[in-house]
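Below: one structure, written as structure tokens.
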Amino acid sequence: QVQLVESGGGLVQAGGSLRLSCAASGRSFSSYVLGWFRQAPGKEREFVAAIRWSGGSTYYADFVKGRFTISRDDAKNTMYLQMNSLKPEDTAVYLCAADMDMGIPMRRYAASPVTYDYWGQGIQVTVSS
């Protein structure tokens with residue numbers, strides 16, 4: 001049974017930083033793609049970034065390029081999202097997700113929530129102005 005547990009959220013002032021973690025368990029994730037999404041009240045779930053566990057290649061939404069960095073620690077089975085230069089519009093519940101690696105470029109599928117079979121519960125990030 002795949003389990004994903006997010007941590008590291010909270011309240012931060014605009015311009016500040018947070019690092020989210022997603023602890024993954026239940027199987028080896030060497031053949032998986034993991035992603036971060038976010039959802040603000042009244043809005044659709046939005047893709048943030050994804051990482052191919054094997055090899056570590058990454059894919060980002062345009063609005064986070066240069067501010068957020070996705071990474072993973074193979075030994076800890078944990079994925080991270082380092083968020084810098086946070087803005088009030090980054091306020092949302094952040095969720096991690098996982099699915100089997102399709103072996104094709106991530107830009108073709110990793111941004112769609114329906115790609116993912118496994119989801120964490122989500123964690124709140126609030127950026128004050």
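For the structure tokens, the naming scheme is as follows: chains receive sequential letters (A, B, ...) according to their order of presentation, residues are indexed from 1 within each chain, and ligands are indexed from 1 in presentation order.
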Name all residues at most 9 Å from Ala92 in chain A (count only C-alpha atoms; drop same-chain ones fewer than 3 positions away) and give them as a PDB file with N, CA and C atoms, in the first residue's frame.
ATOM      1  N   ARG A  38      -1.055  21.873  -6.051  1.00  0.00           N
ATOM      2  CA  ARG A  38      -1.613  22.733  -5.020  1.00  0.00           C
ATOM      3  C   ARG A  38      -3.050  23.069  -5.368  1.00  0.00           C
ATOM      4  N   GLN A  39      -3.803  23.383  -4.324  1.00  0.00           N
ATOM      5  CA  GLN A  39      -5.208  23.716  -4.527  1.00  0.00           C
ATOM      6  C   GLN A  39      -5.614  24.801  -3.549  1.00  0.00           C
ATOM      7  N   ALA A  40      -6.007  25.928  -4.097  1.00  0.00           N
ATOM      8  CA  ALA A  40      -6.505  27.036  -3.301  1.00  0.00           C
ATOM      9  C   ALA A  40      -8.025  26.931  -3.219  1.00  0.00           C
ATOM     10  N   PRO A  41      -8.633  27.531  -2.200  1.00  0.00           N
ATOM     11  CA  PRO A  41     -10.095  27.457  -2.047  1.00  0.00           C
ATOM     12  C   PRO A  41     -10.810  27.952  -3.298  1.00  0.00           C
ATOM     13  N   GLU A  89      -0.087  34.732  -3.470  1.00  0.00           N
ATOM     14  CA  GLU A  89      -0.827  33.864  -4.397  1.00  0.00           C
ATOM     15  C   GLU A  89      -0.336  32.418  -4.377  1.00  0.00           C
ATOM     16  N   ILE A 123      -1.041  19.584   2.732  1.00  0.00           N
ATOM     17  CA  ILE A 123      -0.591  20.402   3.837  1.00  0.00           C
ATOM     18  C   ILE A 123      -0.753  21.869   3.464  1.00  0.00           C
ATOM     19  N   GLN A 124      -1.166  22.670   4.450  1.00  0.00           N
ATOM     20  CA  GLN A 124      -1.462  24.067   4.195  1.00  0.00           C
ATOM     21  C   GLN A 124      -0.193  24.911   4.158  1.00  0.00           C
ATOM     22  N   VAL A 125      -0.109  25.749   3.145  1.00  0.00           N
ATOM     23  CA  VAL A 125       0.924  26.787   3.060  1.00  0.00           C
ATOM     24  C   VAL A 125       0.205  28.120   2.948  1.00  0.00           C
ATOM     25  N   THR A 126       0.509  29.027   3.856  1.00  0.00           N
ATOM     26  CA  THR A 126      -0.112  30.342   3.853  1.00  0.00           C
ATOM     27  C   THR A 126       0.982  31.394   3.800  1.00  0.00           C
ATOM     28  N   VAL A 127       0.886  32.283   2.817  1.00  0.00           N
ATOM     29  CA  VAL A 127       1.864  33.354   2.640  1.00  0.00           C
ATOM     30  C   VAL A 127       1.163  34.677   2.908  1.00  0.00           C
TER      31      VAL A 127
END
At a cut-off of 10 Å, using only C-alpha atoms, what residues contact range 11-19 of chain A? Leave out same-chain residues fewer than 6 positions from it and give the result as a PDB file with N, CA and C atoms, in the first residue's frame.
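Output (out18.pdb):
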ATOM      1  N   ARG A  67      11.869  29.837  -8.715  1.00  0.00           N
ATOM      2  CA  ARG A  67      11.525  30.059  -7.293  1.00  0.00           C
ATOM      3  C   ARG A  67      11.463  28.742  -6.521  1.00  0.00           C
ATOM      4  N   PHE A  68      10.935  27.694  -7.139  1.00  0.00           N
ATOM      5  CA  PHE A  68      10.758  26.403  -6.463  1.00  0.00           C
ATOM      6  C   PHE A  68      11.720  25.385  -7.047  1.00  0.00           C
ATOM      7  N   THR A  69      12.162  24.458  -6.202  1.00  0.00           N
ATOM      8  CA  THR A  69      13.032  23.380  -6.639  1.00  0.00           C
ATOM      9  C   THR A  69      12.520  22.065  -6.078  1.00  0.00           C
ATOM     10  N   ILE A  70      12.310  21.105  -6.945  1.00  0.00           N
ATOM     11  CA  ILE A  70      11.885  19.771  -6.528  1.00  0.00           C
ATOM     12  C   ILE A  70      13.110  18.868  -6.494  1.00  0.00           C
ATOM     13  N   TYR A  80      11.112  16.454  -1.920  1.00  0.00           N
ATOM     14  CA  TYR A  80      11.086  17.783  -1.323  1.00  0.00           C
ATOM     15  C   TYR A  80      10.619  18.818  -2.336  1.00  0.00           C
ATOM     16  N   LEU A  81      10.093  19.913  -1.798  1.00  0.00           N
ATOM     17  CA  LEU A  81       9.812  21.087  -2.618  1.00  0.00           C
ATOM     18  C   LEU A  81      10.339  22.293  -1.853  1.00  0.00           C
ATOM     19  N   GLN A  82      11.458  22.819  -2.312  1.00  0.00           N
ATOM     20  CA  GLN A  82      12.016  24.031  -1.735  1.00  0.00           C
ATOM     21  C   GLN A  82      11.348  25.220  -2.403  1.00  0.00           C
ATOM     22  N   MET A  83      10.695  26.048  -1.602  1.00  0.00           N
ATOM     23  CA  MET A  83       9.948  27.191  -2.139  1.00  0.00           C
ATOM     24  C   MET A  83      10.569  28.478  -1.622  1.00  0.00           C
ATOM     25  N   ASN A  84      11.071  29.278  -2.534  1.00  0.00           N
ATOM     26  CA  ASN A  84      11.697  30.562  -2.193  1.00  0.00           C
ATOM     27  C   ASN A  84      10.892  31.705  -2.802  1.00  0.00           C
ATOM     28  N   SER A  85      11.143  32.903  -2.310  1.00  0.00           N
ATOM     29  CA  SER A  85      10.467  34.105  -2.826  1.00  0.00           C
ATOM     30  C   SER A  85       8.960  33.894  -2.885  1.00  0.00           C
ATOM     31  N   LEU A  86       8.407  33.414  -1.802  1.00  0.00           N
ATOM     32  CA  LEU A  86       6.979  33.087  -1.777  1.00  0.00           C
ATOM     33  C   LEU A  86       6.129  34.341  -1.882  1.00  0.00           C
ATOM     34  N   LYS A  87       4.990  34.165  -2.535  1.00  0.00           N
ATOM     35  CA  LYS A  87       4.043  35.254  -2.763  1.00  0.00           C
ATOM     36  C   LYS A  87       2.697  34.883  -2.142  1.00  0.00           C
ATOM     37  N   PRO A  88       1.883  35.868  -1.821  1.00  0.00           N
ATOM     38  CA  PRO A  88       0.550  35.541  -1.270  1.00  0.00           C
ATOM     39  C   PRO A  88      -0.251  34.608  -2.171  1.00  0.00           C
ATOM     40  N   GLU A  89      -0.087  34.732  -3.470  1.00  0.00           N
ATOM     41  CA  GLU A  89      -0.827  33.864  -4.397  1.00  0.00           C
ATOM     42  C   GLU A  89      -0.336  32.418  -4.377  1.00  0.00           C
ATOM     43  N   ASP A  90       0.742  32.133  -3.666  1.00  0.00           N
ATOM     44  CA  ASP A  90       1.190  30.746  -3.487  1.00  0.00           C
ATOM     45  C   ASP A  90       0.423  30.056  -2.360  1.00  0.00           C
ATOM     46  N   THR A  91      -0.416  30.794  -1.656  1.00  0.00           N
ATOM     47  CA  THR A  91      -1.214  30.214  -0.573  1.00  0.00           C
ATOM     48  C   THR A  91      -2.145  29.145  -1.112  1.00  0.00           C
ATOM     49  N   GLN A 124      -1.166  22.670   4.450  1.00  0.00           N
ATOM     50  CA  GLN A 124      -1.462  24.067   4.195  1.00  0.00           C
ATOM     51  C   GLN A 124      -0.193  24.911   4.158  1.00  0.00           C
ATOM     52  N   VAL A 125      -0.109  25.749   3.145  1.00  0.00           N
ATOM     53  CA  VAL A 125       0.924  26.787   3.060  1.00  0.00           C
ATOM     54  C   VAL A 125       0.205  28.120   2.948  1.00  0.00           C
ATOM     55  N   THR A 126       0.509  29.027   3.856  1.00  0.00           N
ATOM     56  CA  THR A 126      -0.112  30.342   3.853  1.00  0.00           C
ATOM     57  C   THR A 126       0.982  31.394   3.800  1.00  0.00           C
ATOM     58  N   VAL A 127       0.886  32.283   2.817  1.00  0.00           N
ATOM     59  CA  VAL A 127       1.864  33.354   2.640  1.00  0.00           C
ATOM     60  C   VAL A 127       1.163  34.677   2.908  1.00  0.00           C
ATOM     61  N   SER A 128       1.617  35.373   3.923  1.00  0.00           N
ATOM     62  CA  SER A 128       0.997  36.650   4.283  1.00  0.00           C
ATOM     63  C   SER A 128       1.707  37.798   3.577  1.00  0.00           C
ATOM     64  N   SER A 129       0.935  38.836   3.286  1.00  0.00           N
ATOM     65  CA  SER A 129       1.505  39.986   2.563  1.00  0.00           C
ATOM     66  C   SER A 129       2.051  41.025   3.522  1.00  0.00           C
TER      67      SER A 129
END
> Just asking: which residues within chain A are helix (DSSP H, G or I) according to DSSP, as a ChimeraX atom specification?
Replying inline: /A:62-64,88-90,106-108,113-115
Considering only C-alpha atoms, tabulate each residue of range 32-59 of chain A that lies at most 9 Å from range 98-121 of chain A along with its nearest interatomic pair and the corresponding distance in Å to one decimal; arrange the rows by chain and ascending residue number and present them as a Markdown table.
| residue | atom | partner | partner_atom | distance |
| --- | --- | --- | --- | --- |
| A:Tyr32 | CA | A:Met100 | CA | 4.4 |
| A:Val33 | CA | A:Asp101 | CA | 5.1 |
| A:Leu34 | CA | A:Ala98 | CA | 4.4 |
| A:Gly35 | CA | A:Ala98 | CA | 6.3 |
| A:Phe37 | CA | A:Pro113 | CA | 8.0 |
| A:Arg45 | CA | A:Pro113 | CA | 7.4 |
| A:Glu46 | CA | A:Pro113 | CA | 8.0 |
| A:Phe47 | CA | A:Ala111 | CA | 5.3 |
| A:Val48 | CA | A:Ala111 | CA | 7.8 |
| A:Ala49 | CA | A:Ala111 | CA | 7.7 |
| A:Ala50 | CA | A:Ala110 | CA | 6.6 |
| A:Ile51 | CA | A:Met106 | CA | 8.4 |
| A:Arg52 | CA | A:Asp101 | CA | 7.2 |
| A:Trp53 | CA | A:Asp101 | CA | 8.5 |
| A:Ser57 | CA | A:Met106 | CA | 8.9 |
| A:Thr58 | CA | A:Met106 | CA | 8.0 |
| A:Tyr59 | CA | A:Met106 | CA | 6.6 |
Keeping N, CA, C and O atoms, export the residues of the selection given above as a PDB file, in the first residue's frame.
ATOM      1  N   TYR A  32       8.865   5.218 -10.478  1.00  0.00           N
ATOM      2  CA  TYR A  32       7.754   6.138 -10.291  1.00  0.00           C
ATOM      3  C   TYR A  32       8.131   7.568 -10.665  1.00  0.00           C
ATOM      4  O   TYR A  32       9.296   7.962 -10.647  1.00  0.00           O
ATOM      5  N   VAL A  33       7.101   8.320 -10.972  1.00  0.00           N
ATOM      6  CA  VAL A  33       7.180   9.779 -11.057  1.00  0.00           C
ATOM      7  C   VAL A  33       6.387  10.332  -9.881  1.00  0.00           C
ATOM      8  O   VAL A  33       5.262   9.879  -9.610  1.00  0.00           O
ATOM      9  N   LEU A  34       6.970  11.265  -9.175  1.00  0.00           N
ATOM     10  CA  LEU A  34       6.278  11.931  -8.080  1.00  0.00           C
ATOM     11  C   LEU A  34       6.086  13.399  -8.423  1.00  0.00           C
ATOM     12  O   LEU A  34       6.953  14.014  -9.055  1.00  0.00           O
ATOM     13  N   GLY A  35       4.969  13.934  -7.966  1.00  0.00           N
ATOM     14  CA  GLY A  35       4.658  15.325  -8.297  1.00  0.00           C
ATOM     15  C   GLY A  35       4.118  16.094  -7.107  1.00  0.00           C
ATOM     16  O   GLY A  35       3.682  15.516  -6.107  1.00  0.00           O
ATOM     17  N   PHE A  37       1.323  19.173  -6.357  1.00  0.00           N
ATOM     18  CA  PHE A  37       0.196  19.969  -6.832  1.00  0.00           C
ATOM     19  C   PHE A  37      -0.218  20.908  -5.714  1.00  0.00           C
ATOM     20  O   PHE A  37       0.183  20.741  -4.558  1.00  0.00           O
ATOM     21  N   ARG A  45      -7.264  21.968  -8.823  1.00  0.00           N
ATOM     22  CA  ARG A  45      -5.944  21.491  -8.455  1.00  0.00           C
ATOM     23  C   ARG A  45      -4.949  21.878  -9.553  1.00  0.00           C
ATOM     24  O   ARG A  45      -5.209  21.681 -10.753  1.00  0.00           O
ATOM     25  N   GLU A  46      -3.803  22.400  -9.149  1.00  0.00           N
ATOM     26  CA  GLU A  46      -2.843  22.997 -10.077  1.00  0.00           C
ATOM     27  C   GLU A  46      -1.491  22.311  -9.956  1.00  0.00           C
ATOM     28  O   GLU A  46      -0.973  22.126  -8.850  1.00  0.00           O
ATOM     29  N   PHE A  47      -0.916  21.961 -11.089  1.00  0.00           N
ATOM     30  CA  PHE A  47       0.402  21.329 -11.123  1.00  0.00           C
ATOM     31  C   PHE A  47       1.480  22.318 -10.718  1.00  0.00           C
ATOM     32  O   PHE A  47       1.467  23.483 -11.156  1.00  0.00           O
ATOM     33  N   VAL A  48       2.435  21.828  -9.915  1.00  0.00           N
ATOM     34  CA  VAL A  48       3.568  22.647  -9.493  1.00  0.00           C
ATOM     35  C   VAL A  48       4.878  22.115 -10.088  1.00  0.00           C
ATOM     36  O   VAL A  48       5.600  22.837 -10.768  1.00  0.00           O
ATOM     37  N   ALA A  49       5.183  20.850  -9.821  1.00  0.00           N
ATOM     38  CA  ALA A  49       6.447  20.277 -10.291  1.00  0.00           C
ATOM     39  C   ALA A  49       6.377  18.765 -10.196  1.00  0.00           C
ATOM     40  O   ALA A  49       5.564  18.216  -9.448  1.00  0.00           O
ATOM     41  N   ALA A  50       7.245  18.094 -10.953  1.00  0.00           N
ATOM     42  CA  ALA A  50       7.319  16.635 -10.914  1.00  0.00           C
ATOM     43  C   ALA A  50       8.776  16.209 -11.050  1.00  0.00           C
ATOM     44  O   ALA A  50       9.601  16.941 -11.604  1.00  0.00           O
ATOM     45  N   ILE A  51       9.038  15.004 -10.544  1.00  0.00           N
ATOM     46  CA  ILE A  51      10.391  14.460 -10.620  1.00  0.00           C
ATOM     47  C   ILE A  51      10.318  12.981 -10.932  1.00  0.00           C
ATOM     48  O   ILE A  51       9.473  12.249 -10.400  1.00  0.00           O
ATOM     49  N   ARG A  52      11.170  12.568 -11.830  1.00  0.00           N
ATOM     50  CA  ARG A  52      11.309  11.152 -12.143  1.00  0.00           C
ATOM     51  C   ARG A  52      12.277  10.575 -11.124  1.00  0.00           C
ATOM     52  O   ARG A  52      13.421  11.021 -11.036  1.00  0.00           O
ATOM     53  N   TRP A  53      11.801   9.594 -10.343  1.00  0.00           N
ATOM     54  CA  TRP A  53      12.626   9.104  -9.250  1.00  0.00           C
ATOM     55  C   TRP A  53      13.945   8.537  -9.752  1.00  0.00           C
ATOM     56  O   TRP A  53      14.994   8.811  -9.178  1.00  0.00           O
ATOM     57  N   SER A  57      15.251  13.529 -13.173  1.00  0.00           N
ATOM     58  CA  SER A  57      14.869  14.616 -14.084  1.00  0.00           C
ATOM     59  C   SER A  57      13.609  15.294 -13.559  1.00  0.00           C
ATOM     60  O   SER A  57      12.780  14.671 -12.897  1.00  0.00           O
ATOM     61  N   THR A  58      13.491  16.569 -13.861  1.00  0.00           N
ATOM     62  CA  THR A  58      12.429  17.390 -13.283  1.00  0.00           C
ATOM     63  C   THR A  58      11.621  18.119 -14.344  1.00  0.00           C
ATOM     64  O   THR A  58      12.072  18.297 -15.484  1.00  0.00           O
ATOM     65  N   TYR A  59      10.452  18.558 -13.931  1.00  0.00           N
ATOM     66  CA  TYR A  59       9.556  19.295 -14.816  1.00  0.00           C
ATOM     67  C   TYR A  59       8.764  20.259 -13.940  1.00  0.00           C
ATOM     68  O   TYR A  59       8.268  19.875 -12.890  1.00  0.00           O
TER      69      TYR A  59
END
> Quick one, how far is CA of Lys65 in chain A from CA of Val5 in chain A?
Replying inline: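 These atoms are spaced 24.3 Å apart.
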So that I can check the secondary structure, give me every residue of range 9-111 of chain A assigned strand (DSSP E or B) by backbone DSSP, as a PDB file with N, CA and C atoms, in the first residue's frame.
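What follows is the written file states.pdb:
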ATOM      1  N   GLY A  10       3.080  25.680   6.600  1.00  0.00           N
ATOM      2  CA  GLY A  10       2.902  26.653   7.668  1.00  0.00           C
ATOM      3  C   GLY A  10       2.662  28.040   7.139  1.00  0.00           C
ATOM      4  N   LEU A  11       2.874  29.010   8.017  1.00  0.00           N
ATOM      5  CA  LEU A  11       2.660  30.421   7.699  1.00  0.00           C
ATOM      6  C   LEU A  11       4.007  31.105   7.511  1.00  0.00           C
ATOM      7  N   VAL A  12       4.135  31.853   6.431  1.00  0.00           N
ATOM      8  CA  VAL A  12       5.380  32.559   6.150  1.00  0.00           C
ATOM      9  C   VAL A  12       5.038  33.905   5.530  1.00  0.00           C
ATOM     10  N   GLN A  13       5.897  34.881   5.721  1.00  0.00           N
ATOM     11  CA  GLN A  13       5.688  36.197   5.107  1.00  0.00           C
ATOM     12  C   GLN A  13       6.112  36.176   3.651  1.00  0.00           C
ATOM     13  N   LEU A  18       9.964  28.150   2.404  1.00  0.00           N
ATOM     14  CA  LEU A  18       9.536  26.942   3.098  1.00  0.00           C
ATOM     15  C   LEU A  18      10.053  25.746   2.323  1.00  0.00           C
ATOM     16  N   ARG A  19      10.282  24.648   3.032  1.00  0.00           N
ATOM     17  CA  ARG A  19      10.611  23.393   2.358  1.00  0.00           C
ATOM     18  C   ARG A  19       9.585  22.351   2.756  1.00  0.00           C
ATOM     19  N   LEU A  20       8.862  21.859   1.764  1.00  0.00           N
ATOM     20  CA  LEU A  20       7.901  20.788   1.984  1.00  0.00           C
ATOM     21  C   LEU A  20       8.578  19.444   1.764  1.00  0.00           C
ATOM     22  N   SER A  21       8.130  18.465   2.539  1.00  0.00           N
ATOM     23  CA  SER A  21       8.616  17.099   2.382  1.00  0.00           C
ATOM     24  C   SER A  21       7.441  16.180   2.094  1.00  0.00           C
ATOM     25  N   CYS A  22       7.715  15.133   1.340  1.00  0.00           N
ATOM     26  CA  CYS A  22       6.719  14.093   1.067  1.00  0.00           C
ATOM     27  C   CYS A  22       7.406  12.757   1.329  1.00  0.00           C
ATOM     28  N   ALA A  23       7.062  12.146   2.449  1.00  0.00           N
ATOM     29  CA  ALA A  23       7.633  10.848   2.796  1.00  0.00           C
ATOM     30  C   ALA A  23       6.812   9.751   2.124  1.00  0.00           C
ATOM     31  N   ALA A  24       7.481   8.952   1.319  1.00  0.00           N
ATOM     32  CA  ALA A  24       6.812   7.912   0.545  1.00  0.00           C
ATOM     33  C   ALA A  24       7.147   6.539   1.114  1.00  0.00           C
ATOM     34  N   SER A  25       6.155   5.671   1.204  1.00  0.00           N
ATOM     35  CA  SER A  25       6.386   4.323   1.725  1.00  0.00           C
ATOM     36  C   SER A  25       5.467   3.329   1.031  1.00  0.00           C
ATOM     37  N   TYR A  32       8.865   5.218 -10.478  1.00  0.00           N
ATOM     38  CA  TYR A  32       7.754   6.138 -10.291  1.00  0.00           C
ATOM     39  C   TYR A  32       8.131   7.568 -10.665  1.00  0.00           C
ATOM     40  N   VAL A  33       7.101   8.320 -10.972  1.00  0.00           N
ATOM     41  CA  VAL A  33       7.180   9.779 -11.057  1.00  0.00           C
ATOM     42  C   VAL A  33       6.387  10.332  -9.881  1.00  0.00           C
ATOM     43  N   LEU A  34       6.970  11.265  -9.175  1.00  0.00           N
ATOM     44  CA  LEU A  34       6.278  11.931  -8.080  1.00  0.00           C
ATOM     45  C   LEU A  34       6.086  13.399  -8.423  1.00  0.00           C
ATOM     46  N   GLY A  35       4.969  13.934  -7.966  1.00  0.00           N
ATOM     47  CA  GLY A  35       4.658  15.325  -8.297  1.00  0.00           C
ATOM     48  C   GLY A  35       4.118  16.094  -7.107  1.00  0.00           C
ATOM     49  N   TRP A  36       4.195  17.412  -7.232  1.00  0.00           N
ATOM     50  CA  TRP A  36       3.563  18.333  -6.288  1.00  0.00           C
ATOM     51  C   TRP A  36       2.453  19.082  -7.024  1.00  0.00           C
ATOM     52  N   PHE A  37       1.323  19.173  -6.357  1.00  0.00           N
ATOM     53  CA  PHE A  37       0.196  19.969  -6.832  1.00  0.00           C
ATOM     54  C   PHE A  37      -0.218  20.908  -5.714  1.00  0.00           C
ATOM     55  N   ARG A  38      -1.055  21.873  -6.051  1.00  0.00           N
ATOM     56  CA  ARG A  38      -1.613  22.733  -5.020  1.00  0.00           C
ATOM     57  C   ARG A  38      -3.050  23.069  -5.368  1.00  0.00           C
ATOM     58  N   GLN A  39      -3.803  23.383  -4.324  1.00  0.00           N
ATOM     59  CA  GLN A  39      -5.208  23.716  -4.527  1.00  0.00           C
ATOM     60  C   GLN A  39      -5.614  24.801  -3.549  1.00  0.00           C
ATOM     61  N   GLU A  46      -3.803  22.400  -9.149  1.00  0.00           N
ATOM     62  CA  GLU A  46      -2.843  22.997 -10.077  1.00  0.00           C
ATOM     63  C   GLU A  46      -1.491  22.311  -9.956  1.00  0.00           C
ATOM     64  N   PHE A  47      -0.916  21.961 -11.089  1.00  0.00           N
ATOM     65  CA  PHE A  47       0.402  21.329 -11.123  1.00  0.00           C
ATOM     66  C   PHE A  47       1.480  22.318 -10.718  1.00  0.00           C
ATOM     67  N   VAL A  48       2.435  21.828  -9.915  1.00  0.00           N
ATOM     68  CA  VAL A  48       3.568  22.647  -9.493  1.00  0.00           C
ATOM     69  C   VAL A  48       4.878  22.115 -10.088  1.00  0.00           C
ATOM     70  N   ALA A  49       5.183  20.850  -9.821  1.00  0.00           N
ATOM     71  CA  ALA A  49       6.447  20.277 -10.291  1.00  0.00           C
ATOM     72  C   ALA A  49       6.377  18.765 -10.196  1.00  0.00           C
ATOM     73  N   ALA A  50       7.245  18.094 -10.953  1.00  0.00           N
ATOM     74  CA  ALA A  50       7.319  16.635 -10.914  1.00  0.00           C
ATOM     75  C   ALA A  50       8.776  16.209 -11.050  1.00  0.00           C
ATOM     76  N   ILE A  51       9.038  15.004 -10.544  1.00  0.00           N
ATOM     77  CA  ILE A  51      10.391  14.460 -10.620  1.00  0.00           C
ATOM     78  C   ILE A  51      10.318  12.981 -10.932  1.00  0.00           C
ATOM     79  N   ARG A  52      11.170  12.568 -11.830  1.00  0.00           N
ATOM     80  CA  ARG A  52      11.309  11.152 -12.143  1.00  0.00           C
ATOM     81  C   ARG A  52      12.277  10.575 -11.124  1.00  0.00           C
ATOM     82  N   THR A  58      13.491  16.569 -13.861  1.00  0.00           N
ATOM     83  CA  THR A  58      12.429  17.390 -13.283  1.00  0.00           C
ATOM     84  C   THR A  58      11.621  18.119 -14.344  1.00  0.00           C
ATOM     85  N   TYR A  59      10.452  18.558 -13.931  1.00  0.00           N
ATOM     86  CA  TYR A  59       9.556  19.295 -14.816  1.00  0.00           C
ATOM     87  C   TYR A  59       8.764  20.259 -13.940  1.00  0.00           C
ATOM     88  N   TYR A  60       8.681  21.525 -14.366  1.00  0.00           N
ATOM     89  CA  TYR A  60       8.062  22.560 -13.553  1.00  0.00           C
ATOM     90  C   TYR A  60       6.950  23.281 -14.299  1.00  0.00           C
ATOM     91  N   PHE A  68      10.935  27.694  -7.139  1.00  0.00           N
ATOM     92  CA  PHE A  68      10.758  26.403  -6.463  1.00  0.00           C
ATOM     93  C   PHE A  68      11.720  25.385  -7.047  1.00  0.00           C
ATOM     94  N   THR A  69      12.162  24.458  -6.202  1.00  0.00           N
ATOM     95  CA  THR A  69      13.032  23.380  -6.639  1.00  0.00           C
ATOM     96  C   THR A  69      12.520  22.065  -6.078  1.00  0.00           C
ATOM     97  N   ILE A  70      12.310  21.105  -6.945  1.00  0.00           N
ATOM     98  CA  ILE A  70      11.885  19.771  -6.528  1.00  0.00           C
ATOM     99  C   ILE A  70      13.110  18.868  -6.494  1.00  0.00           C
ATOM    100  N   SER A  71      13.158  17.983  -5.503  1.00  0.00           N
ATOM    101  CA  SER A  71      14.285  17.050  -5.388  1.00  0.00           C
ATOM    102  C   SER A  71      13.806  15.812  -4.649  1.00  0.00           C
ATOM    103  N   ARG A  72      14.666  14.808  -4.609  1.00  0.00           N
ATOM    104  CA  ARG A  72      14.319  13.615  -3.832  1.00  0.00           C
ATOM    105  C   ARG A  72      15.578  13.051  -3.199  1.00  0.00           C
ATOM    106  N   ASP A  73      15.363  12.369  -2.057  1.00  0.00           N
ATOM    107  CA  ASP A  73      16.449  11.684  -1.357  1.00  0.00           C
ATOM    108  C   ASP A  73      16.126  10.197  -1.412  1.00  0.00           C
ATOM    109  N   THR A  78      12.125  10.151   0.245  1.00  0.00           N
ATOM    110  CA  THR A  78      11.428  11.405   0.497  1.00  0.00           C
ATOM    111  C   THR A  78      11.655  12.371  -0.653  1.00  0.00           C
ATOM    112  N   MET A  79      10.579  13.054  -1.022  1.00  0.00           N
ATOM    113  CA  MET A  79      10.635  14.092  -2.047  1.00  0.00           C
ATOM    114  C   MET A  79      10.494  15.443  -1.354  1.00  0.00           C
ATOM    115  N   TYR A  80      11.112  16.454  -1.920  1.00  0.00           N
ATOM    116  CA  TYR A  80      11.086  17.783  -1.323  1.00  0.00           C
ATOM    117  C   TYR A  80      10.619  18.818  -2.336  1.00  0.00           C
ATOM    118  N   LEU A  81      10.093  19.913  -1.798  1.00  0.00           N
ATOM    119  CA  LEU A  81       9.812  21.087  -2.618  1.00  0.00           C
ATOM    120  C   LEU A  81      10.339  22.293  -1.853  1.00  0.00           C
ATOM    121  N   GLN A  82      11.458  22.819  -2.312  1.00  0.00           N
ATOM    122  CA  GLN A  82      12.016  24.031  -1.735  1.00  0.00           C
ATOM    123  C   GLN A  82      11.348  25.220  -2.403  1.00  0.00           C
ATOM    124  N   MET A  83      10.695  26.048  -1.602  1.00  0.00           N
ATOM    125  CA  MET A  83       9.948  27.191  -2.139  1.00  0.00           C
ATOM    126  C   MET A  83      10.569  28.478  -1.622  1.00  0.00           C
ATOM    127  N   ALA A  92      -2.052  27.941  -0.541  1.00  0.00           N
ATOM    128  CA  ALA A  92      -2.854  26.811  -1.004  1.00  0.00           C
ATOM    129  C   ALA A  92      -2.564  25.603  -0.120  1.00  0.00           C
ATOM    130  N   VAL A  93      -3.353  24.558  -0.319  1.00  0.00           N
ATOM    131  CA  VAL A  93      -2.993  23.239   0.200  1.00  0.00           C
ATOM    132  C   VAL A  93      -2.102  22.571  -0.837  1.00  0.00           C
ATOM    133  N   TYR A  94      -0.956  22.111  -0.407  1.00  0.00           N
ATOM    134  CA  TYR A  94       0.001  21.458  -1.302  1.00  0.00           C
ATOM    135  C   TYR A  94      -0.078  19.950  -1.091  1.00  0.00           C
ATOM    136  N   LEU A  95      -0.160  19.224  -2.194  1.00  0.00           N
ATOM    137  CA  LEU A  95      -0.307  17.780  -2.146  1.00  0.00           C
ATOM    138  C   LEU A  95       0.781  17.111  -2.967  1.00  0.00           C
ATOM    139  N   CYS A  96       1.278  15.989  -2.469  1.00  0.00           N
ATOM    140  CA  CYS A  96       2.181  15.196  -3.288  1.00  0.00           C
ATOM    141  C   CYS A  96       1.430  14.004  -3.870  1.00  0.00           C
ATOM    142  N   ALA A  97       1.925  13.535  -4.987  1.00  0.00           N
ATOM    143  CA  ALA A  97       1.260  12.471  -5.726  1.00  0.00           C
ATOM    144  C   ALA A  97       2.297  11.576  -6.372  1.00  0.00           C
ATOM    145  N   ALA A  98       1.898  10.337  -6.669  1.00  0.00           N
ATOM    146  CA  ALA A  98       2.830   9.388  -7.257  1.00  0.00           C
ATOM    147  C   ALA A  98       2.120   8.492  -8.256  1.00  0.00           C
ATOM    148  N   ASP A  99       2.863   8.092  -9.278  1.00  0.00           N
ATOM    149  CA  ASP A  99       2.339   7.121 -10.226  1.00  0.00           C
ATOM    150  C   ASP A  99       3.488   6.469 -10.964  1.00  0.00           C
ATOM    151  N   MET A 100       3.197   5.377 -11.592  1.00  0.00           N
ATOM    152  CA  MET A 100       4.204   4.661 -12.349  1.00  0.00           C
ATOM    153  C   MET A 100       4.773   5.557 -13.444  1.00  0.00           C
TER     154      MET A 100
END
